[in-house]
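Chemist: To be precise about what I am sending: the file is called target_7.tsv and holds TSV, C-alpha atoms.
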chain	number	residue	atom	x	y	z
A	1	MET	CA	97.39	10.85	227.87
A	2	SER	CA	100.08	11.41	225.27
A	3	ARG	CA	100.99	14.53	223.41
A	4	PHE	CA	100.36	14.64	219.66
A	5	ARG	CA	101.51	17.15	217.09
A	6	ILE	CA	99.02	17.50	214.28
A	7	ALA	CA	99.66	19.46	211.10
A	8	VAL	CA	96.66	20.91	209.28
A	9	HIS	CA	96.62	22.50	205.83
A	10	ILE	CA	93.94	25.11	205.28
A	11	THR	CA	93.63	26.25	201.68
A	12	PRO	CA	91.27	28.54	199.76
A	13	ARG	CA	88.56	26.40	198.18
A	14	ARG	CA	89.03	25.84	194.43
A	15	GLY	CA	87.18	28.42	192.37
A	16	ILE	CA	87.27	30.92	195.23
A	17	LEU	CA	89.35	34.03	194.53
A	18	ASP	CA	92.81	33.80	196.13
A	19	PRO	CA	94.08	37.41	196.06
A	20	GLN	CA	97.15	36.60	198.18
A	21	GLY	CA	98.19	33.83	195.77
A	22	LYS	CA	97.65	36.12	192.78
A	23	THR	CA	99.77	38.85	194.40
A	24	VAL	CA	102.61	36.42	195.15
A	25	ALA	CA	102.50	35.05	191.57
A	26	ASP	CA	102.71	38.60	190.18
A	27	ALA	CA	105.62	39.44	192.49
A	28	LEU	CA	107.47	36.27	191.41
A	29	HIS	CA	107.00	37.23	187.75
A	30	THR	CA	108.38	40.70	188.49
A	31	LEU	CA	111.42	39.08	190.13
A	32	GLY	CA	112.08	37.11	186.93
A	33	PHE	CA	110.49	33.74	187.81
A	34	SER	CA	108.68	33.67	184.46
A	35	THR	CA	107.85	29.94	184.54
A	36	VAL	CA	105.57	30.27	187.57
A	37	ARG	CA	102.04	29.38	186.45
A	38	ASP	CA	100.01	29.73	189.62
A	39	VAL	CA	100.39	30.22	193.38
A	40	HIS	CA	97.98	29.38	196.19
A	41	VAL	CA	98.52	30.60	199.71
A	42	GLY	CA	96.93	28.83	202.64
A	43	ARG	CA	97.73	28.28	206.30
A	44	HIS	CA	99.85	25.57	207.86
A	45	VAL	CA	98.64	25.14	211.43
A	46	ILE	CA	100.40	22.88	213.94
A	47	VAL	CA	98.35	21.93	216.99
A	48	GLU	CA	99.93	20.22	219.98
A	49	VAL	CA	97.26	18.45	221.97
A	50	ASP	CA	97.07	15.89	224.79
A	51	ALA	CA	94.85	12.92	223.96
A	52	GLY	CA	94.52	9.21	224.69
A	53	THR	CA	95.08	7.99	221.13
A	54	ALA	CA	96.13	9.40	217.77
A	55	ASP	CA	92.56	8.86	216.52
A	56	SER	CA	91.02	10.92	219.29
A	57	ALA	CA	93.62	13.66	218.76
A	58	THR	CA	92.70	13.71	215.05
A	59	ALA	CA	88.96	13.85	215.79
A	60	LEU	CA	89.54	16.72	218.22
A	61	THR	CA	91.55	18.61	215.61
A	62	ARG	CA	88.81	18.15	213.00
A	63	GLU	CA	86.37	19.65	215.49
A	64	MET	CA	88.75	22.62	216.01
A	65	CYS	CA	88.94	23.11	212.23
A	66	GLU	CA	85.16	23.16	211.96
A	67	LYS	CA	84.65	25.48	214.93
A	68	LEU	CA	87.56	27.91	214.56
A	69	LEU	CA	90.54	27.18	212.35
A	70	ALA	CA	88.97	27.02	208.88
A	71	ASN	CA	86.26	29.14	207.32
A	72	PRO	CA	83.75	26.52	206.07
A	73	VAL	CA	82.45	28.83	203.33
A	74	THR	CA	85.73	29.68	201.63
A	75	GLU	CA	88.32	27.16	202.82
A	76	ASP	CA	89.09	23.47	202.76
A	77	TYR	CA	91.13	21.78	205.46
A	78	GLU	CA	93.11	18.58	205.50
A	79	ILE	CA	94.87	16.80	208.36
A	80	ALA	CA	98.36	16.49	206.88
A	81	SER	CA	100.13	14.50	209.59
A	82	VAL	CA	99.74	13.20	213.13
A	83	GLU	CA	102.80	12.33	215.18
A	84	GLY	CA	103.65	11.73	218.80
A	85	ALA	CA	105.37	14.83	220.24
B	1	MET	CA	109.01	21.29	180.09
B	2	SER	CA	106.57	19.72	182.54
B	3	ARG	CA	104.42	21.35	185.14
B	4	PHE	CA	105.20	20.68	188.82
B	5	ARG	CA	103.15	21.48	191.88
B	6	ILE	CA	105.37	22.18	194.88
B	7	ALA	CA	104.10	22.59	198.42
B	8	VAL	CA	106.14	24.74	200.81
B	9	HIS	CA	105.67	25.10	204.56
B	10	ILE	CA	106.79	28.39	206.02
B	11	THR	CA	106.77	28.47	209.82
B	12	PRO	CA	107.86	30.96	212.48
B	13	ARG	CA	111.39	30.06	213.60
B	14	ARG	CA	111.51	28.30	216.98
B	15	GLY	CA	112.02	30.74	219.81
B	16	ILE	CA	110.52	33.60	217.79
B	17	LEU	CA	107.27	34.97	219.17
B	18	ASP	CA	104.25	33.57	217.31
B	19	PRO	CA	101.40	35.92	218.31
B	20	GLN	CA	98.97	34.37	215.82
B	21	GLY	CA	99.57	30.89	217.26
B	22	LYS	CA	99.16	32.20	220.81
B	23	THR	CA	95.87	33.89	219.87
B	24	VAL	CA	94.52	30.71	218.26
B	25	ALA	CA	95.54	28.62	221.30
B	26	ASP	CA	93.75	31.07	223.63
B	27	ALA	CA	90.63	31.01	221.44
B	28	LEU	CA	90.64	27.19	221.43
B	29	HIS	CA	90.86	27.16	225.24
B	30	THR	CA	87.93	29.59	225.40
B	31	LEU	CA	85.93	27.24	223.16
B	32	GLY	CA	86.56	24.39	225.62
B	33	PHE	CA	89.50	22.62	223.94
B	34	SER	CA	91.36	22.48	227.23
B	35	THR	CA	93.88	19.81	226.17
B	36	VAL	CA	95.49	22.05	223.54
B	37	ARG	CA	99.06	22.72	224.61
B	38	ASP	CA	100.44	24.88	221.83
B	39	VAL	CA	99.59	26.16	218.36
B	40	HIS	CA	101.89	27.42	215.61
B	41	VAL	CA	100.56	29.17	212.55
B	42	GLY	CA	102.58	29.30	209.36
B	43	ARG	CA	101.87	29.48	205.66
B	44	HIS	CA	101.21	26.66	203.24
B	45	VAL	CA	102.21	27.88	199.77
B	46	ILE	CA	101.59	25.88	196.62
B	47	VAL	CA	103.61	26.94	193.60
B	48	GLU	CA	102.84	25.60	190.12
B	49	VAL	CA	105.87	25.99	187.93
B	50	ASP	CA	107.07	24.77	184.53
B	51	ALA	CA	110.51	23.13	184.63
B	52	GLY	CA	112.51	20.41	182.91
B	53	THR	CA	112.89	18.13	185.93
B	54	ALA	CA	111.53	17.84	189.46
B	55	ASP	CA	115.01	18.75	190.76
B	56	SER	CA	115.16	21.99	188.82
B	57	ALA	CA	111.59	22.86	189.91
B	58	THR	CA	112.64	22.30	193.53
B	59	ALA	CA	115.78	24.42	193.14
B	60	LEU	CA	113.72	27.22	191.59
B	61	THR	CA	111.23	27.07	194.47
B	62	ARG	CA	114.04	27.28	197.04
B	63	GLU	CA	115.25	30.40	195.27
B	64	MET	CA	111.72	31.87	195.45
B	65	CYS	CA	111.60	31.12	199.19
B	66	GLU	CA	114.88	32.90	199.73
B	67	LYS	CA	113.98	35.91	197.60
B	68	LEU	CA	110.31	36.42	198.42
B	69	LEU	CA	108.22	33.75	200.10
B	70	ALA	CA	109.94	33.40	203.48
B	71	ASN	CA	111.40	36.02	205.79
B	72	PRO	CA	114.94	34.71	206.43
B	73	VAL	CA	115.15	36.48	209.80
B	74	THR	CA	112.00	35.11	211.41
B	75	GLU	CA	110.88	32.12	209.38
B	76	ASP	CA	112.00	28.66	208.33
B	77	TYR	CA	110.84	27.04	205.12
B	78	GLU	CA	110.65	23.44	204.03
B	79	ILE	CA	109.76	21.91	200.66
B	80	ALA	CA	106.97	19.56	201.72
B	81	SER	CA	106.18	17.84	198.42
B	82	VAL	CA	106.90	17.94	194.71
B	83	GLU	CA	104.50	16.33	192.27
B	84	GLY	CA	103.80	16.45	188.56
B	85	ALA	CA	100.70	18.58	187.95
What does the file become when written as structure tokens?

Modeler:
Amino acid sequence: MSRFRIAVHITPRRGILDPQGKTVADALHTLGFSTVRDVHVGRHVIVEVDAGTADSATALTREMCEKLLANPVTEDYEIASVEGA
Amino acid sequence: MSRFRIAVHITPRRGILDPQGKTVADALHTLGFSTVRDVHVGRHVIVEVDAGTADSATALTREMCEKLLANPVTEDYEIASVEGA
């Protein structure tokens, strides 16, 4: 068993309202960042897991995303990186 | 002016308590993911900004992180990617 560190990006699905992103964009405009066009805010989750291979660690993380980490109705997830820890 | 899409990772600074990560790790254990060792939860922010060059878009985004997006006391930020949108 080796330890793997897997980074997951969880983002609001396109077309779904992203009130947090809208709020941040408005705040940036107020601060003078007038060239900001759009902001999306998602979660960056890092999971450290023991597994036999990088593939099995990735499969396990996908299962975690489907069961707990991401909301399948409103969010998309993506495994961003897998590295030995 | 071109449009750039910049991804920023904002994570709790090492050594700072990460209650959200701890809660997610506990929930994963409860669901049977017993090989999970640690979880960290941060934010994944995507900023779309108009700028002359990728370098100036990156510099502008760093300024946004310092002024609004990240909490300099408890969080670290990292520009994860810069691409033309």

Chemist: Pairing the C-alpha atoms in order across the whole chain, superpose chain A onto chain B by least squares and write the result as a compact mmCIF listing (two decimals) with C-alpha atoms, in the coordinates of the input.

Modeler:
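Dumped to part30.txt:
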# COMPACT_ATOMS: atom_id res chain seq x y z
CA MET A 1 108.99 21.29 180.13
CA SER A 2 106.56 19.72 182.57
CA ARG A 3 104.40 21.34 185.16
CA PHE A 4 105.18 20.68 188.83
CA ARG A 5 103.15 21.48 191.91
CA ILE A 6 105.36 22.18 194.88
CA ALA A 7 104.10 22.59 198.43
CA VAL A 8 106.15 24.73 200.80
CA HIS A 9 105.67 25.09 204.55
CA ILE A 10 106.79 28.39 206.02
CA THR A 11 106.78 28.47 209.80
CA PRO A 12 107.87 30.97 212.46
CA ARG A 13 111.39 30.06 213.57
CA ARG A 14 111.53 28.31 216.97
CA GLY A 15 112.05 30.75 219.80
CA ILE A 16 110.55 33.59 217.77
CA LEU A 17 107.29 34.97 219.16
CA ASP A 18 104.26 33.56 217.31
CA PRO A 19 101.41 35.91 218.30
CA GLN A 20 98.97 34.36 215.81
CA GLY A 21 99.58 30.88 217.26
CA LYS A 22 99.17 32.19 220.80
CA THR A 23 95.88 33.89 219.87
CA VAL A 24 94.52 30.71 218.25
CA ALA A 25 95.54 28.62 221.30
CA ASP A 26 93.75 31.07 223.61
CA ALA A 27 90.63 31.01 221.42
CA LEU A 28 90.63 27.18 221.42
CA HIS A 29 90.85 27.17 225.23
CA THR A 30 87.91 29.59 225.40
CA LEU A 31 85.92 27.24 223.15
CA GLY A 32 86.54 24.39 225.60
CA PHE A 33 89.49 22.61 223.93
CA SER A 34 91.35 22.48 227.24
CA THR A 35 93.87 19.81 226.18
CA VAL A 36 95.47 22.05 223.54
CA ARG A 37 99.06 22.70 224.63
CA ASP A 38 100.43 24.86 221.84
CA VAL A 39 99.58 26.15 218.36
CA HIS A 40 101.88 27.41 215.61
CA VAL A 41 100.56 29.16 212.55
CA GLY A 42 102.58 29.29 209.37
CA ARG A 43 101.88 29.48 205.65
CA HIS A 44 101.22 26.65 203.24
CA VAL A 45 102.22 27.89 199.79
CA ILE A 46 101.59 25.87 196.62
CA VAL A 47 103.61 26.94 193.59
CA GLU A 48 102.83 25.60 190.13
CA VAL A 49 105.87 25.99 187.93
CA ASP A 50 107.06 24.76 184.52
CA ALA A 51 110.49 23.13 184.64
CA GLY A 52 112.52 20.42 182.92
CA THR A 53 112.89 18.14 185.94
CA ALA A 54 111.54 17.85 189.47
CA ASP A 55 115.01 18.77 190.78
CA SER A 56 115.15 22.01 188.83
CA ALA A 57 111.60 22.87 189.91
CA THR A 58 112.65 22.31 193.54
CA ALA A 59 115.79 24.44 193.16
CA LEU A 60 113.72 27.22 191.60
CA THR A 61 111.25 27.08 194.48
CA ARG A 62 114.05 27.29 197.05
CA GLU A 63 115.27 30.41 195.28
CA MET A 64 111.72 31.87 195.44
CA CYS A 65 111.60 31.12 199.18
CA GLU A 66 114.89 32.91 199.73
CA LYS A 67 114.00 35.92 197.59
CA LEU A 68 110.31 36.42 198.41
CA LEU A 69 108.23 33.75 200.09
CA ALA A 70 109.93 33.40 203.49
CA ASN A 71 111.39 36.02 205.78
CA PRO A 72 114.94 34.71 206.42
CA VAL A 73 115.16 36.48 209.79
CA THR A 74 112.02 35.12 211.41
CA GLU A 75 110.89 32.11 209.37
CA ASP A 76 112.00 28.67 208.33
CA TYR A 77 110.84 27.04 205.11
CA GLU A 78 110.65 23.45 204.02
CA ILE A 79 109.76 21.93 200.65
CA ALA A 80 106.98 19.57 201.72
CA SER A 81 106.20 17.83 198.43
CA VAL A 82 106.90 17.94 194.71
CA GLU A 83 104.50 16.32 192.28
CA GLY A 84 103.78 16.44 188.58
CA ALA A 85 100.67 18.58 187.95

Chemist: Between A:Arg62, A:His29, A:His9, A:Arg14, single out the one closest to chain B, counting all atoms listed in the file.

Modeler: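 Counting all atoms listed in the file, the residue closest to chain B is A:His9.
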
Chemist: Give as a list in words every residue of chain A that touches chain B within 6 Å, counting only C-alpha atoms.

Modeler: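 Residues passing the distance filter: Thr35, Val36, Arg37, Asp38, Val39, His40, Val41, Gly42, Arg43, His44, Val45, Ile46, Val47, Glu48, Val49 and Asp50 of chain A.
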
Chemist: Atoms to include: C-alpha atoms. Write the selected residues as a compact mmCIF listing (two decimals), keeping the file's coordinate frame.

Modeler:
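As a result, part.txt now contains:
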# COMPACT_ATOMS: atom_id res chain seq x y z
CA THR A 35 107.85 29.94 184.54
CA VAL A 36 105.57 30.27 187.57
CA ARG A 37 102.04 29.38 186.45
CA ASP A 38 100.01 29.73 189.62
CA VAL A 39 100.39 30.22 193.38
CA HIS A 40 97.98 29.38 196.19
CA VAL A 41 98.52 30.60 199.71
CA GLY A 42 96.93 28.83 202.64
CA ARG A 43 97.73 28.28 206.30
CA HIS A 44 99.85 25.57 207.86
CA VAL A 45 98.64 25.14 211.43
CA ILE A 46 100.40 22.88 213.94
CA VAL A 47 98.35 21.93 216.99
CA GLU A 48 99.93 20.22 219.98
CA VAL A 49 97.26 18.45 221.97
CA ASP A 50 97.07 15.89 224.79

Chemist: Please determine the residues with any atom at most 9 Å from (117.7, 21.3, 199.4) (coordinates as given in the file, with all atoms listed in the file counting) and report them as a PyMOL selection string.

Modeler: chain B and resi 58-59+62+78-79

Chemist: I'd like the contact shell of Thr74 (chain A) - 7 Å cut-off, all atoms listed in the file, skipping same-chain residues fewer than 6 positions apart - returned as a PyMOL selection string.

Modeler: chain A and resi 12-13+16

Chemist: Please compute the CA of Gly52 (chain B)-CA of Ser2 (chain B) distance, one decimal, in Å.

Modeler: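 According to the coordinates, CA of Gly52 (chain B) and CA of Ser2 (chain B) are separated by 6.0 Å.
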
Chemist: Interatomic distance between CA of Val73 (chain B) and CA of Glu75 (chain A)?

Modeler: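 Computing the Euclidean distance for CA of Val73 (chain B) and CA of Glu75 (chain A) yields 29.2 Å.
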
Chemist: Can you tell me how far CA of Ser56 (chain A) sits from CA of Tyr77 (chain A), in Å to one decimal?

Modeler: 17.6 Å
